[in-house]
file entry15.txt (compact mmCIF, C-alpha atoms (C1' of nucleotides))
# COMPACT_ATOMS: atom_id res chain seq x y z
CA MET A 95 -60.08 -110.12 6.96
CA ASP A 96 -59.11 -110.96 3.40
CA ARG A 97 -58.83 -108.71 0.39
CA VAL A 98 -62.61 -108.69 -0.20
CA ASP A 99 -63.32 -107.68 3.40
CA TRP A 100 -60.98 -104.74 3.00
CA HIS A 101 -62.67 -103.81 -0.26
CA ILE A 102 -66.02 -103.83 1.55
CA LEU A 103 -64.62 -101.71 4.39
CA GLU A 104 -63.18 -99.27 1.88
CA GLU A 105 -66.53 -98.83 0.14
CA LEU A 106 -68.58 -98.54 3.33
CA GLN A 107 -66.16 -96.07 4.83
CA ALA A 108 -66.55 -93.89 1.75
CA ASP A 109 -70.33 -94.32 1.55
CA ALA A 110 -72.08 -96.04 4.42
CA ARG A 111 -75.46 -95.85 2.68
CA LEU A 112 -74.49 -98.10 -0.23
CA SER A 113 -77.10 -100.78 -0.88
CA PHE A 114 -75.96 -104.39 -0.68
CA ASN A 115 -76.76 -104.63 -4.37
CA GLU A 116 -74.43 -101.79 -5.33
CA LEU A 117 -71.82 -103.04 -2.88
CA SER A 118 -72.00 -106.55 -4.34
CA ARG A 119 -71.40 -105.11 -7.82
CA ARG A 120 -68.34 -103.21 -6.67
CA VAL A 121 -66.72 -106.11 -4.87
CA ARG A 122 -67.88 -108.67 -7.47
CA LEU A 123 -69.79 -110.98 -5.17
CA SER A 124 -73.44 -111.96 -4.87
CA PRO A 125 -75.63 -109.74 -2.69
CA PRO A 126 -76.19 -112.39 0.01
CA ALA A 127 -72.48 -113.12 0.18
CA VAL A 128 -71.74 -109.45 0.77
CA ALA A 129 -74.53 -109.15 3.35
CA GLU A 130 -73.09 -112.10 5.23
CA ARG A 131 -69.57 -110.62 5.21
CA VAL A 132 -70.87 -107.28 6.47
CA ARG A 133 -72.77 -109.04 9.23
CA ARG A 134 -69.59 -110.87 10.28
CA LEU A 135 -67.57 -107.64 10.26
CA GLN A 136 -70.22 -106.09 12.51
CA ASP A 137 -70.44 -109.05 14.88
CA SER A 138 -66.66 -109.30 15.20
CA GLY A 139 -66.46 -105.63 16.20
CA VAL A 140 -64.46 -104.47 13.18
CA LEU A 141 -67.37 -102.35 11.94
CA THR A 142 -68.51 -100.36 14.96
CA GLY A 143 -71.19 -98.23 13.35
CA TYR A 144 -72.36 -96.06 10.48
CA HIS A 145 -72.36 -92.33 11.06
CA ALA A 146 -73.51 -89.35 9.04
CA ALA A 147 -70.81 -86.65 9.02
CA VAL A 148 -71.93 -83.12 9.85
CA ASP A 149 -70.07 -79.91 8.96
CA LEU A 150 -69.37 -78.29 12.34
CA GLU A 151 -69.06 -74.80 10.84
CA ARG A 152 -72.46 -75.07 9.19
CA VAL A 153 -74.25 -76.20 12.35
CA GLY A 154 -73.07 -73.40 14.56
CA ARG A 155 -69.78 -74.69 15.99
CA PRO A 156 -67.15 -72.86 13.93
CA VAL A 157 -64.68 -72.40 16.79
CA ARG A 158 -62.52 -75.45 17.42
CA ALA A 159 -59.52 -76.11 19.60
CA VAL A 160 -57.16 -78.78 20.85
CA VAL A 161 -56.98 -78.64 24.62
CA VAL A 162 -54.27 -80.43 26.61
CA MET A 163 -55.25 -80.87 30.26
CA ASP A 164 -52.60 -81.05 32.91
CA CYS A 165 -54.28 -82.40 36.00
CA TYR A 166 -53.40 -84.69 38.82
CA GLY A 167 -54.92 -86.34 41.84
CA PRO A 168 -58.55 -86.50 42.83
CA THR A 169 -59.73 -83.53 40.73
CA CYS A 170 -58.34 -84.95 37.49
CA LEU A 171 -60.69 -84.49 34.56
CA LEU A 172 -60.50 -88.19 33.76
CA ARG A 173 -62.25 -89.01 37.03
CA ASP A 174 -65.38 -87.12 36.00
CA PRO A 175 -67.32 -89.18 33.45
CA ASP A 176 -69.66 -86.23 32.80
CA VAL A 177 -67.02 -84.33 30.85
CA ALA A 178 -67.36 -86.75 27.94
CA THR A 179 -71.05 -85.86 27.69
CA TRP A 180 -70.50 -82.10 27.36
CA PRO A 181 -71.71 -81.17 23.86
CA GLU A 182 -68.58 -79.09 23.21
CA VAL A 183 -66.27 -82.08 23.70
CA ARG A 184 -65.86 -84.00 20.42
CA GLN A 185 -62.93 -86.23 21.31
CA LEU A 186 -61.30 -87.18 24.60
CA TYR A 187 -58.09 -89.16 25.01
CA ARG A 188 -56.05 -90.21 27.98
CA VAL A 189 -52.43 -89.74 26.96
CA THR A 190 -48.89 -90.14 28.22
CA GLY A 191 -46.65 -87.19 28.86
CA GLN A 192 -46.97 -83.89 30.64
CA GLY A 193 -50.74 -83.53 30.15
CA CYS A 194 -53.00 -86.34 31.30
CA SER A 195 -55.59 -85.91 28.55
CA VAL A 196 -56.23 -84.26 25.19
CA LEU A 197 -59.61 -82.90 24.12
CA MET A 198 -60.90 -81.76 20.74
CA VAL A 199 -63.63 -79.21 21.35
CA ALA A 200 -66.06 -77.29 19.13
CA VAL A 201 -68.04 -74.24 20.28
CA PRO A 202 -70.23 -71.57 18.64
CA THR A 203 -68.21 -68.48 19.64
CA MET A 204 -65.06 -67.31 21.38
CA PRO A 205 -67.01 -66.29 24.50
CA ALA A 206 -68.40 -69.82 24.63
CA PHE A 207 -64.83 -71.08 24.37
CA GLU A 208 -63.73 -68.82 27.19
CA GLU A 209 -66.54 -70.20 29.35
CA LEU A 210 -65.54 -73.77 28.47
CA ILE A 211 -61.92 -73.13 29.45
CA ASP A 212 -63.11 -71.78 32.79
CA ARG A 213 -65.10 -74.95 33.34
CA LEU A 214 -62.11 -77.12 32.42
CA ALA A 215 -59.78 -75.11 34.67
CA ARG A 216 -61.60 -76.56 37.69
CA TYR A 217 -59.95 -79.90 36.95
CA GLY A 218 -56.41 -78.75 36.24
CA ARG A 219 -54.42 -76.53 33.93
CA PRO A 220 -55.81 -76.41 30.39
CA SER A 221 -53.54 -75.34 27.56
CA SER A 222 -55.28 -74.78 24.27
CA SER A 223 -54.48 -74.27 20.61
CA MET A 224 -57.16 -72.88 18.32
CA VAL A 225 -57.76 -74.86 15.13
CA LEU A 226 -57.04 -72.66 12.10
CA ALA A 227 -57.74 -75.34 9.50
CA ASP A 228 -58.83 -78.96 9.36
CA LEU A 229 -56.60 -80.39 6.64
CA LEU A 230 -58.14 -83.86 6.81
CA PRO A 231 -61.87 -83.72 7.52
CA TRP A 232 -62.16 -87.39 6.69
CA LYS A 233 -60.18 -90.31 5.32
CA PRO A 234 -60.66 -94.09 5.26
CA VAL A 235 -58.64 -96.52 7.36
CA GLU A 236 -56.29 -98.52 5.14
CA PRO A 237 -54.93 -102.04 5.66
CA ALA A 238 -51.98 -101.96 8.05
CA MET B 16 -82.46 -76.08 10.17
CA ASP B 17 -85.59 -76.53 12.25
CA ARG B 18 -86.37 -79.07 14.90
CA VAL B 19 -87.15 -81.81 12.37
CA ASP B 20 -83.85 -81.29 10.55
CA TRP B 21 -82.00 -81.74 13.82
CA HIS B 22 -84.00 -84.85 14.56
CA ILE B 23 -82.98 -86.23 11.16
CA LEU B 24 -79.32 -85.34 11.78
CA GLU B 25 -79.48 -87.00 15.17
CA GLU B 26 -80.83 -90.24 13.72
CA LEU B 27 -78.45 -90.34 10.75
CA GLN B 28 -75.44 -89.61 12.94
CA ALA B 29 -76.38 -92.56 15.12
CA ASP B 30 -77.19 -94.87 12.19
CA ALA B 31 -76.34 -93.68 8.70
CA ARG B 32 -77.87 -96.78 7.13
CA LEU B 33 -81.42 -96.07 8.28
CA SER B 34 -83.91 -96.42 5.43
CA PHE B 35 -85.98 -93.38 4.54
CA ASN B 36 -89.00 -95.40 5.61
CA GLU B 37 -87.70 -96.04 9.11
CA LEU B 38 -86.38 -92.49 9.33
CA SER B 39 -89.75 -91.11 8.27
CA ARG B 40 -91.42 -93.11 11.04
CA ARG B 41 -89.03 -91.76 13.66
CA VAL B 42 -89.41 -88.13 12.68
CA ARG B 43 -93.13 -88.53 11.89
CA LEU B 44 -93.09 -87.42 8.28
CA SER B 45 -93.75 -89.17 4.98
CA PRO B 46 -90.80 -90.88 3.30
CA PRO B 47 -90.58 -88.42 0.37
CA ALA B 48 -90.67 -85.46 2.75
CA VAL B 49 -87.75 -86.91 4.70
CA ALA B 50 -85.84 -87.74 1.53
CA GLU B 51 -86.26 -84.17 0.36
CA ARG B 52 -84.99 -82.78 3.65
CA VAL B 53 -81.99 -85.10 3.58
CA ARG B 54 -81.25 -84.02 0.01
CA ARG B 55 -81.34 -80.37 1.08
CA LEU B 56 -79.05 -81.04 4.04
CA GLN B 57 -76.61 -82.70 1.65
CA ASP B 58 -76.81 -79.98 -1.00
CA SER B 59 -76.33 -77.22 1.57
CA GLY B 60 -73.19 -78.92 2.87
CA VAL B 61 -74.49 -79.66 6.35
CA LEU B 62 -74.34 -83.40 5.74
CA THR B 63 -70.90 -84.06 4.29
CA GLY B 64 -71.00 -87.83 4.03
CA TYR B 65 -71.87 -91.20 5.50
CA HIS B 66 -68.99 -93.22 6.87
CA ALA B 67 -68.69 -96.70 8.33
CA ALA B 68 -66.66 -96.60 11.55
CA VAL B 69 -63.83 -99.12 11.87
CA ASP B 70 -62.20 -100.26 15.11
CA LEU B 71 -58.53 -99.28 14.69
CA GLU B 72 -57.33 -101.88 17.18
CA ARG B 73 -59.10 -104.68 15.33
CA VAL B 74 -57.68 -103.73 11.94
CA GLY B 75 -54.06 -103.68 12.96
CA ARG B 76 -53.49 -100.10 14.15
CA PRO B 77 -53.56 -100.41 17.95
CA VAL B 78 -50.85 -97.80 18.59
CA ARG B 79 -52.14 -94.25 18.54
CA ALA B 80 -50.61 -90.90 19.39
CA VAL B 81 -51.18 -87.17 19.36
CA VAL B 82 -48.25 -85.46 17.68
CA VAL B 83 -47.65 -81.73 17.92
CA MET B 84 -45.33 -80.48 15.19
CA ASP B 85 -43.17 -77.45 15.75
CA CYS B 86 -41.93 -76.38 12.36
CA TYR B 87 -41.22 -73.15 10.60
CA GLY B 88 -40.27 -71.79 7.23
CA PRO B 89 -39.98 -73.67 3.95
CA THR B 90 -39.72 -77.17 5.46
CA CYS B 91 -42.94 -76.82 7.46
CA LEU B 92 -45.07 -79.94 7.37
CA LEU B 93 -48.09 -77.91 6.29
CA ARG B 94 -46.37 -77.12 2.99
CA ASP B 95 -46.22 -80.79 2.01
CA PRO B 96 -49.68 -81.93 0.92
CA ASP B 97 -48.48 -85.56 0.79
CA VAL B 98 -48.41 -85.85 4.58
CA ALA B 99 -52.22 -85.87 4.70
CA THR B 100 -52.20 -88.95 2.46
CA TRP B 101 -49.93 -91.04 4.70
CA PRO B 102 -52.06 -93.93 5.95
CA GLU B 103 -50.84 -93.43 9.54
CA VAL B 104 -52.20 -89.88 9.69
CA ARG B 105 -55.84 -89.89 10.76
CA GLN B 106 -56.34 -86.20 11.52
CA LEU B 107 -54.32 -83.10 10.69
CA TYR B 108 -54.99 -79.60 12.00
CA ARG B 109 -53.24 -76.29 11.59
CA VAL B 110 -53.30 -74.66 14.99
CA THR B 111 -52.24 -71.53 16.82
CA GLY B 112 -49.58 -71.57 19.49
CA GLN B 113 -46.14 -73.01 19.81
CA GLY B 114 -46.66 -75.92 17.43
CA CYS B 115 -47.89 -75.20 13.93
CA SER B 116 -49.93 -78.37 13.54
CA VAL B 117 -51.41 -81.29 15.46
CA LEU B 118 -51.69 -84.82 14.08
CA MET B 119 -53.62 -87.85 15.30
CA VAL B 120 -51.79 -90.92 14.09
CA ALA B 121 -52.43 -94.69 14.23
CA VAL B 122 -49.80 -97.34 13.53
CA PRO B 123 -49.49 -101.13 13.90
CA THR B 124 -46.50 -101.24 16.29
CA MET B 125 -44.10 -99.12 18.28
CA PRO B 126 -41.30 -99.65 15.73
CA ALA B 127 -43.68 -98.34 13.08
CA PHE B 128 -44.34 -95.35 15.32
CA GLU B 129 -40.61 -94.75 15.72
CA GLU B 130 -40.19 -94.81 11.96
CA LEU B 131 -43.09 -92.36 11.54
CA ILE B 132 -41.57 -89.93 14.04
CA ASP B 133 -38.31 -90.06 12.09
CA ARG B 134 -40.19 -89.21 8.92
CA LEU B 135 -41.99 -86.33 10.66
CA ALA B 136 -38.74 -85.02 12.16
CA ARG B 137 -37.62 -83.99 8.67
CA TYR B 138 -40.20 -81.19 8.78
CA GLY B 139 -39.59 -79.89 12.30
CA ARG B 140 -39.63 -80.95 15.92
CA PRO B 141 -42.36 -83.53 16.68
CA SER B 142 -43.51 -83.92 20.24
CA SER B 143 -45.79 -86.85 20.83
CA SER B 144 -48.10 -88.27 23.47
CA MET B 145 -49.22 -91.90 23.22
CA VAL B 146 -52.95 -92.51 23.47
CA LEU B 147 -53.69 -94.71 26.49
CA ALA B 148 -57.46 -94.70 26.07
CA ASP B 149 -60.05 -93.26 23.72
CA LEU B 150 -62.80 -92.14 26.11
CA LEU B 151 -65.10 -90.95 23.35
CA PRO B 152 -64.90 -93.18 20.26
CA TRP B 153 -67.96 -91.48 18.83
CA LYS B 154 -70.68 -89.00 19.70
CA PRO B 155 -73.26 -87.03 17.69
CA VAL B 156 -73.07 -83.28 17.11
CA GLU B 157 -75.79 -81.51 19.06
CA PRO B 158 -77.58 -78.24 18.26
CA ALA B 159 -75.42 -75.29 19.30
C1' DG C 122 -86.07 -117.07 -8.37
C1' DA C 123 -89.99 -115.34 -5.48
C1' DT C 124 -91.99 -112.29 -1.95
C1' DG C 125 -92.35 -108.34 0.83
C1' DA C 126 -90.26 -103.95 1.72
C1' DA C 127 -88.12 -99.80 0.26
C1' DA C 128 -86.75 -96.09 -3.04
C1' DC C 129 -88.05 -92.91 -6.62
C1' DA C 130 -90.93 -89.99 -9.61
C1' DA C 131 -95.29 -87.69 -10.60
C1' DA C 132 -99.38 -85.47 -9.34
C1' DG C 133 -102.45 -83.34 -6.10
C1' DC C 134 -103.35 -81.01 -1.36
C1' DC C 135 -102.76 -77.51 2.19
C1' DG C 136 -101.30 -73.48 4.80
C1' DG C 137 -98.91 -69.03 4.96
C1' DA C 138 -97.19 -64.61 2.30
C1' DT D 58 -103.25 -66.12 -5.86
C1' DC D 59 -98.82 -67.88 -5.51
C1' DC D 60 -95.34 -70.72 -3.39
C1' DG D 61 -93.00 -74.23 -0.45
C1' DG D 62 -93.55 -78.23 1.74
C1' DC D 63 -96.24 -82.44 2.63
C1' DT D 64 -98.91 -86.59 1.28
C1' DT D 65 -100.53 -90.09 -1.83
C1' DT D 66 -100.01 -93.21 -5.61
C1' DG D 67 -97.75 -96.15 -9.04
C1' DT D 68 -93.50 -98.22 -10.69
C1' DT D 69 -88.87 -99.86 -10.16
C1' DT D 70 -85.28 -101.56 -7.32
C1' DC D 71 -83.66 -103.91 -3.29
C1' DA D 72 -83.35 -107.28 0.81
C1' DT D 73 -84.18 -111.77 2.32
C1' DC D 74 -85.59 -116.49 2.14
call {"tool": "encode", "arguments": {"input": "entry15.txt", "output": "structure tokens"}}
result
Amino acid sequence: MDRVDWHILEELQADARLSFNELSRRVRLSPPAVAERVRRLQDSGVLTGYHAAVDLERVGRPVRAVVVMDCYGPTCLLRDPDVATWPEVRQLYRVTGQGCSVLMVAVPTMPAFEELIDRLARYGRPSSSMVLADLLPWKPVEPA
Amino acid sequence: MDRVDWHILEELQADARLSFNELSRRVRLSPPAVAERVRRLQDSGVLTGYHAAVDLERVGRPVRAVVVMDCYGPTCLLRDPDVATWPEVRQLYRVTGQGCSVLMVAVPTMPAFEELIDRLARYGRPSSSMVLADLLPWKPVEPA
DNA sequence: GATGAAACAAAGCCGGA
DNA sequence: TCCGGCTTTGTTTCATC
């Protein structure tokens, strides 16, 4: 993880479809050298994938919310692996504190949200905040 | 946004570096036809970008937290556009409810987290939950 | 560098208003 | 007939050895 690796990560985070040729120009290395570095970053688990970003509002999921789940014991949401596969659930974290988990969800309409909350309420007490604005739809990871 | 468009979105969300050739094979269309559809999805704002995914733990940011900010009036965090540029801040939402905003943050160490909380406390009352596990590091958006 | 594959641009084909 | 979307072809650029 030297300076060039970070330069490569920076470029691929901004545009994952860059050709090795273009990438090699930007980081001032030969194309095979860049390809080899990218391969190493992949194999070492630093680069975990390349994903197209989709605008949730434009694909029918304009209603978003942060949901904190307060659950305990055998019905805890974290014991049901299916929840992570629900299409409404975009992120799912186990956290410390009062709630046991935090979900980011995206649904087409408020009625759909109401239905989702009902489904979540089977596991514990959900407390939700509607997202009014996403101030940071994307940003690259920087060197620590 | 027909069935083929969704098939394209599905493939590009899973692997943004797919060539148009390979993509055209998977969706059973000619390469130029696929390229044209992708161009339209980009121009219409459905596809907002292609981003390499980086493992935060492996690049020196193993400590993550959800921070709910409770602030009000002229010192509210949402009035300072610089906050979104802090490298620790990975996501930033304006939300309804008690807190005015929710942040996802990632830092190298607990002392760095302590320092970040101090910086955030200038804007209002931060209340944070440490992330114990990310149960859903990535998943594609599905048709609503 | 050299080879095979992929991207891009231009022109023609086909089905539905 | 017109129009939008698809395929085919030829040329340039790219990936890989």
call {"tool": "atom_distance", "arguments": {"input": "entry15.txt", "atom1": "atom CA of A:Glu130", "atom2": "atom CA of B:Ala121"}}
result
28.5 Å
call {"tool": "closest_atom_pairs", "arguments": {"input": "entry15.txt", "of": "chain D", "to": "chain A", "cutoff": "12 Å", "atoms": "all atoms listed in the file", "output": "tab-separated table"}}
result
residue	atom	partner	partner_atom	distance
D:DT70	C1'	A:Asn115	CA	9.5
D:DC71	C1'	A:Asn115	CA	7.0
D:DA72	C1'	A:Phe114	CA	8.1
D:DT73	C1'	A:Pro126	CA	8.3
D:DC74	C1'	A:Pro126	CA	10.5
call {"tool": "atom_distance", "arguments": {"input": "entry15.txt", "atom1": "atom CA of A:Arg188", "atom2": "atom CA of B:Gln28"}}
result
24.5 Å
call {"tool": "closest_residue", "arguments": {"input": "entry15.txt", "among": "A:Val225, A:Pro156, A:Val161, A:Pro175", "to": "A:Thr203", "atoms": "all atoms listed in the file"}}
result
A:Pro156
call {"tool": "residues_around", "arguments": {"input": "entry15.txt", "residues": "B:Pro152", "least_positions_apart": "5", "cutoff": "10 Å", "atoms": "only C-alpha atoms (C1' of nucleotides)", "output": "number ranges by chain"}}
result
A: 142, 184-187; B: 68, 70
call {"tool": "axis_aligned_box", "arguments": {"input": "entry15.txt", "around": "chain C", "padding_each_side": "4 Å", "output": "lines of an AutoDock Vina configuration file"}}
result
center_x = -94.7
center_y = -90.8
center_z = -2.8
size_x = 25.3
size_y = 60.5
size_z = 23.6
call {"tool": "residues_near_point", "arguments": {"input": "entry15.txt", "point": "(-53.8, -77.8, 8.0)", "cutoff": "8 Å", "atoms": "all atoms listed in the file", "output": "PDB file with C-alpha atoms, in the frame of the given file"}}
result
ATOM      1  CA  LEU A 226     -57.040 -72.660  12.100  1.00  0.00           C
ATOM      2  CA  ALA A 227     -57.740 -75.340   9.500  1.00  0.00           C
ATOM      3  CA  ASP A 228     -58.830 -78.960   9.360  1.00  0.00           C
ATOM      4  CA  LEU A 229     -56.600 -80.390   6.640  1.00  0.00           C
ATOM      5  CA  LEU A 230     -58.140 -83.860   6.810  1.00  0.00           C
TER       6      LEU A 230
ATOM      7  CA  LEU B  93     -48.090 -77.910   6.290  1.00  0.00           C
ATOM      8  CA  LEU B 107     -54.320 -83.100  10.690  1.00  0.00           C
ATOM      9  CA  TYR B 108     -54.990 -79.600  12.000  1.00  0.00           C
ATOM     10  CA  ARG B 109     -53.240 -76.290  11.590  1.00  0.00           C
ATOM     11  CA  VAL B 110     -53.300 -74.660  14.990  1.00  0.00           C
ATOM     12  CA  SER B 116     -49.930 -78.370  13.540  1.00  0.00           C
TER      13      SER B 116
END
call {"tool": "residues_around", "arguments": {"input": "entry15.txt", "residues": "C:DC134", "least_positions_apart": "6", "cutoff": "10 Å", "atoms": "only C-alpha atoms (C1' of nucleotides)", "output": "list in words"}}
result
DC63, DT64 and DT65 of chain D
call {"tool": "write_last_selection", "arguments": {"input": "entry15.txt", "atoms": "C-alpha atoms (C1' of nucleotides)", "output": "mmCIF file, in the coordinates of the input"}}
result
data_model
loop_
_atom_site.group_PDB
_atom_site.id
_atom_site.type_symbol
_atom_site.label_atom_id
_atom_site.label_comp_id
_atom_site.auth_asym_id
_atom_site.auth_seq_id
_atom_site.Cartn_x
_atom_site.Cartn_y
_atom_site.Cartn_z
ATOM 1 C "C1'" DC D 63 -96.240 -82.440 2.630
ATOM 2 C "C1'" DT D 64 -98.910 -86.590 1.280
ATOM 3 C "C1'" DT D 65 -100.530 -90.090 -1.830
#
call {"tool": "closest_residue", "arguments": {"input": "entry15.txt", "among": "B:Arg140, B:His66, B:Arg94, B:Arg40", "to": "chain A", "atoms": "all atoms listed in the file"}}
result
B:His66
call {"tool": "atom_distance", "arguments": {"input": "entry15.txt", "atom1": "atom CA of B:Val83", "atom2": "atom CA of B:Gly114"}}
result
5.9 Å
call {"tool": "build_atoms", "arguments": {"input": "entry15.txt", "residues": "stretch 29-38 of chain B", "atoms": "all heavy atoms", "output": "compact mmCIF listing (two decimals), keeping the file's coordinate frame"}}
result
# COMPACT_ATOMS: atom_id res chain seq x y z
N ALA B 29 -76.42 -91.33 14.33
CA ALA B 29 -76.38 -92.56 15.12
C ALA B 29 -76.40 -93.80 14.23
O ALA B 29 -75.76 -94.81 14.54
CB ALA B 29 -77.55 -92.60 16.09
N ASP B 30 -77.12 -93.73 13.12
CA ASP B 30 -77.19 -94.87 12.19
C ASP B 30 -77.41 -94.36 10.78
O ASP B 30 -78.54 -94.12 10.36
CB ASP B 30 -78.31 -95.83 12.60
CG ASP B 30 -78.35 -97.05 11.67
OD1 ASP B 30 -77.50 -97.13 10.76
OD2 ASP B 30 -79.22 -97.92 11.87
N ALA B 31 -76.29 -94.25 10.06
CA ALA B 31 -76.34 -93.68 8.70
C ALA B 31 -77.04 -94.60 7.71
O ALA B 31 -77.39 -94.17 6.62
CB ALA B 31 -74.93 -93.37 8.21
N ARG B 32 -77.26 -95.86 8.08
CA ARG B 32 -77.87 -96.78 7.13
C ARG B 32 -79.38 -96.89 7.29
O ARG B 32 -80.03 -97.72 6.63
CB ARG B 32 -77.22 -98.17 7.23
CG ARG B 32 -75.87 -98.23 6.54
CD ARG B 32 -75.23 -99.59 6.60
NE ARG B 32 -75.82 -100.61 5.73
CZ ARG B 32 -75.62 -100.68 4.42
NH1 ARG B 32 -74.88 -99.79 3.82
NH2 ARG B 32 -76.18 -101.65 3.71
N LEU B 33 -79.96 -96.08 8.15
CA LEU B 33 -81.42 -96.07 8.28
C LEU B 33 -82.09 -95.88 6.93
O LEU B 33 -81.68 -95.02 6.14
CB LEU B 33 -81.86 -94.93 9.20
CG LEU B 33 -81.79 -95.15 10.70
CD1 LEU B 33 -82.23 -93.88 11.43
CD2 LEU B 33 -82.66 -96.32 11.10
N SER B 34 -83.15 -96.64 6.66
CA SER B 34 -83.91 -96.42 5.43
C SER B 34 -84.75 -95.15 5.60
O SER B 34 -85.05 -94.74 6.71
CB SER B 34 -84.83 -97.61 5.17
OG SER B 34 -85.86 -97.64 6.13
N PHE B 35 -85.12 -94.56 4.47
CA PHE B 35 -85.98 -93.38 4.54
C PHE B 35 -87.31 -93.73 5.19
O PHE B 35 -87.93 -92.91 5.86
CB PHE B 35 -86.22 -92.79 3.15
CG PHE B 35 -85.02 -92.07 2.61
CD1 PHE B 35 -84.49 -92.39 1.38
CD2 PHE B 35 -84.41 -91.07 3.35
CE1 PHE B 35 -83.38 -91.72 0.88
CE2 PHE B 35 -83.30 -90.39 2.86
CZ PHE B 35 -82.79 -90.73 1.61
N ASN B 36 -87.75 -94.96 4.98
CA ASN B 36 -89.00 -95.40 5.61
C ASN B 36 -88.89 -95.36 7.13
O ASN B 36 -89.72 -94.75 7.79
CB ASN B 36 -89.32 -96.83 5.17
CG ASN B 36 -90.36 -96.84 4.07
OD1 ASN B 36 -91.13 -95.91 3.92
ND2 ASN B 36 -90.36 -97.90 3.29
N GLU B 37 -87.87 -96.02 7.67
CA GLU B 37 -87.70 -96.04 9.11
C GLU B 37 -87.48 -94.62 9.65
O GLU B 37 -88.06 -94.24 10.66
CB GLU B 37 -86.51 -96.94 9.47
CG GLU B 37 -86.19 -97.01 10.95
CD GLU B 37 -87.36 -97.49 11.80
OE1 GLU B 37 -88.22 -98.21 11.27
OE2 GLU B 37 -87.42 -97.12 12.99
N LEU B 38 -86.64 -93.86 8.93
CA LEU B 38 -86.38 -92.49 9.33
C LEU B 38 -87.68 -91.68 9.35
O LEU B 38 -87.93 -90.90 10.28
CB LEU B 38 -85.38 -91.88 8.36
CG LEU B 38 -84.73 -90.54 8.71
CD1 LEU B 38 -84.12 -90.57 10.10
CD2 LEU B 38 -83.68 -90.18 7.67
